[in-house]
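Visitor: My questions all concern the structure below.
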Amino acid sequence: MDFIWNDGGRAACGFVGLTGDCVTRSIAIATGSVYRHVYEKLGKASEKSARNGVPTDVASDYLAERNWQRLDGSNRAFIVEELPKSIVIVHLAKPDNGSQHFCAVIDRVVHDTWNPGEDEDYIIKGYWTAPEEHESRPGLVVTGSRQPSSDKQELTQTEFDKILNRLRALDKTASNTATTEGEKHNALRMMQTLMLRHNLTRDDIVDDDNVDSVQFTRIACPVNGRRACNWEKMLAFYVTQYIFSTTQWYWSSKGSRTLFWFYGPLSDVKNAVALFREVLLTIATSAHLQFGGHSRGSGASYAEGYVQGLPRSSVNDSNVSSEKVLSEGALILTRTLALQSAAKNWLDVECNVKLTRSTGTGRYQHDEDAASRGKLHGSKHEVEIPNAPRRIANQ
């Protein structure tokens with residue numbers, strides 16, 4: 001039984017970790033829809049996250065609304081050669097323990113993250129065929145080939161958007177560093193076929209503002225002590241507010257340590273954690289050398305002043321018009337807010353983390369002189385962004 005590994009665009013849409021998403025995955029593969037769109041619609045219909053699967057009737061209703069036709073599998077053994085040579089979504093089950101699985105089969109080749117054909121216990125409960133297959137694929141055993149579509153056939157805007165979304169998901173899979181060579185080959189082959197069929201180029205699928213394709217993650221940076229220092233929170237705010245604005249943070253405690261969690265786009269989170277650790281160590285070391293500590297008293301005051309003195313981003317190019325600055329700033333802000341909203345939703349759904357606000361009641365003796373010295377040292381700190389793109393210096 002031929003098999004091609006295909007996650008349906010899950011990784012390209014920013015989802016991570018193991019999950020029982022066979023229904024979402026098979027529908028995304030067979031229909032060419034964006035994984036996240038299918039995931040959200042099935043989750044809304046089942047009134048829960050689609051991460052660990054959805055009821056069969058929810059999937060059946062979803063496909064029926066899109067004119068997919070369900071045919072009875074008669075509890076036959078899972079043999080792909082007996083399925084139509086087209087695109088089908090197969091509902092499998094094990095008669096002994098009731099275990100169920102959905103998978104996509106395209107031209108009698110299984111597209112999934114594992115090959116259910118290797119398990120001889122699976123039987124076919126039923127399968128769905130695409131709308132264009134209804135008239136020519138009425139039975140279980142079918143011979144012949146699919147009728148070629150006319151090159152002059154006009155697409156509706158919805159169908160065209162669906163094709164573009166599918167191409168973008170394939171492009172993300174092909175460019176993902178975690179993708180294997182076989183997966184890249186399959187993604188590129190499918191991209192080439194779709195683009196040739198619909199007379200598209202790579203320029204047509206570029207969508208830099210597509211938040212749905214962003215891969216989100218969260219990474220913890222542990223520090224000593226169950227109570228986070230005020231200046232440590234100020235530093236986390238500084239990193240996410242002024243340097244990596246697409247990332248966000250929260251803190252929690254575990255045992256005798258405090259965890260500062262950064263979440264958002266994968267690359268930005270990694271860089272934010274690296275920068276936070278570097279500046280954190282610099283401030284704590286300087287406070288220890290001068291005041292013997294960083295958690296209370298003059299040492300804490302110095303650390304707070306240091307964070308307050310760190311350079312904030314600003315536009316100093318007098319050659320750039322104010323209108324252009326405002327225009328670009330508005331676009332960046334819109335993009336940032338969209339990413340932050342999507343990241344919060346990802347944190348809730350995928351990590352089951354709900355954030356709450358808290359206020360501290362503890363106080364320490366503030367040392368204004370130490371804080372002033374900290375501001376002076378912080379203002380001289382040259383913040384170097386990790387992995388920042390090189391730029392041509394003015395001569």
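Residue numbers start at 1 in each chain; chains themselves are named A, B, ... in the order of the structure tokens; ligands are numbered from 1 in the order shown.
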Can you list, as an MDAnalysis selection string, every protein, DNA or RNA residue that comes within 6 Å of stretch 97-111 of chain A when you count only C-alpha atoms, leaving out same-chain residues fewer than 4 positions away?
Guide: chainID A and resid 2:6 22:23 26 30 80 85:93
Visitor: Can you work out the spacing between atom CA of A:Tyr35 and atom CA of A:Asp21 in Å, to one decimal?
Guide: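 So the answer is 10.3 Å.
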Visitor: With only C-alpha atoms as the counted atoms, please give the residues lying no more than 6 Å from A:His294, apart from itself and same-chain residues fewer than 6 positions off, as a PDB file with C-alpha atoms, in the first residue's frame.
Guide:
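So result.pdb came out as:
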ATOM      1  CA  ALA A 284      22.454  40.920  38.293  1.00  0.00           C
ATOM      2  CA  ALA A 287      24.300  44.767  41.166  1.00  0.00           C
ATOM      3  CA  ALA A 300      17.270  46.046  43.603  1.00  0.00           C
TER       4      ALA A 300
END
Visitor: So, counting only C-alpha atoms, which residue among A:Leu376, A:Ala303, A:Leu339, A:Ala64 is closest to A:Val214?
Guide: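 Ranking A:Leu376, A:Ala303, A:Leu339, A:Ala64 by distance to A:Val214, first place goes to A:Leu339.
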Visitor: What's around stretch 341-348 of chain A at 12 Å? Count only C-alpha atoms, leave out sequence neighbours fewer than 6 positions away in its own chain, and write the answer as number ranges by chain.
Guide: A: 13-16, 36, 40, 49, 51, 210-219, 246-250, 261-266, 269, 334-335, 354-355
Visitor: Please compute the atom CA of A:Pro386-atom CA of A:Ala174 distance, one decimal, in Å.
Guide: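 For atom CA of A:Pro386 relative to atom CA of A:Ala174, the distance reads 25.5 Å.
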Visitor: Find the spatial neighbours of A:Ile283, counting only C-alpha atoms, within a cut-off of 9 Å - ignore same-chain residues fewer than 5 positions away - and output them as an MDAnalysis selection string.
Guide: chainID A and resid 278 288 294 302:303 306:307 374 378
Visitor: Tell me, in Å to one decimal, how far atom CA of A:Ile79 is from atom CA of A:Pro55.
Guide: 24.3 Å
Visitor: Point out the residue among A:Cys351, A:Leu170, A:Cys221, A:Val239 with the least atom-to-atom distance to A:Thr258, counting only C-alpha atoms.
Guide: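 Among A:Cys351, A:Leu170, A:Cys221, A:Val239, it is A:Cys221 that comes nearest to A:Thr258.
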Visitor: Skip A:Ile385 itself and residues of its chain fewer than 5 positions away, then list as a list in words all residues within 8 Å of it, counting only C-alpha atoms.
Guide: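 Residues meeting the cut-off are Ile243, Asn271 and Leu275 of chain A.
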Visitor: List every residue of stretch 255-313 of chain A that DSSP, applied to the backbone of this structure, places in strand (DSSP E), and write the result as a JSON list (two decimals) with C-alpha atoms, in the first residue's frame.
Guide:
[["chain", "number", "residue", "atom", "x", "y", "z"],
["A", 257, "ARG", "CA", 12.50, 28.82, 40.93],
["A", 258, "THR", "CA", 10.57, 31.43, 38.97],
["A", 259, "LEU", "CA", 9.86, 30.78, 35.31],
["A", 260, "PHE", "CA", 9.61, 33.67, 32.85],
["A", 261, "TRP", "CA", 7.65, 32.37, 29.86],
["A", 262, "PHE", "CA", 7.94, 34.05, 26.47],
["A", 263, "TYR", "CA", 5.46, 33.11, 23.74],
["A", 264, "GLY", "CA", 4.73, 34.17, 20.17],
["A", 265, "PRO", "CA", 6.36, 33.53, 16.75]]
Visitor: Could you name the residues that touch A:Leu235 at 9 Å or less, counting only C-alpha atoms, but leaving out those on the same chain fewer than 4 positions away, as an mmCIF file with C-alpha atoms, in the first residue's frame?
Guide:
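Once written, selection_1.cif looks like this:
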data_model
loop_
_atom_site.group_PDB
_atom_site.id
_atom_site.type_symbol
_atom_site.label_atom_id
_atom_site.label_comp_id
_atom_site.auth_asym_id
_atom_site.auth_seq_id
_atom_site.Cartn_x
_atom_site.Cartn_y
_atom_site.Cartn_z
ATOM 1 C CA ASN A 230 10.235 43.770 40.158
ATOM 2 C CA TRP A 231 13.188 44.659 37.923
ATOM 3 C CA VAL A 239 12.256 42.974 25.823
ATOM 4 C CA THR A 240 8.711 42.292 24.598
ATOM 5 C CA PHE A 276 16.500 38.436 28.275
ATOM 6 C CA VAL A 279 20.783 41.421 29.944
ATOM 7 C CA LEU A 280 19.468 39.704 33.098
ATOM 8 C CA GLU A 304 15.398 48.858 38.401
ATOM 9 C CA VAL A 307 16.257 48.669 33.168
ATOM 10 C CA GLN A 308 14.681 52.142 33.098
#
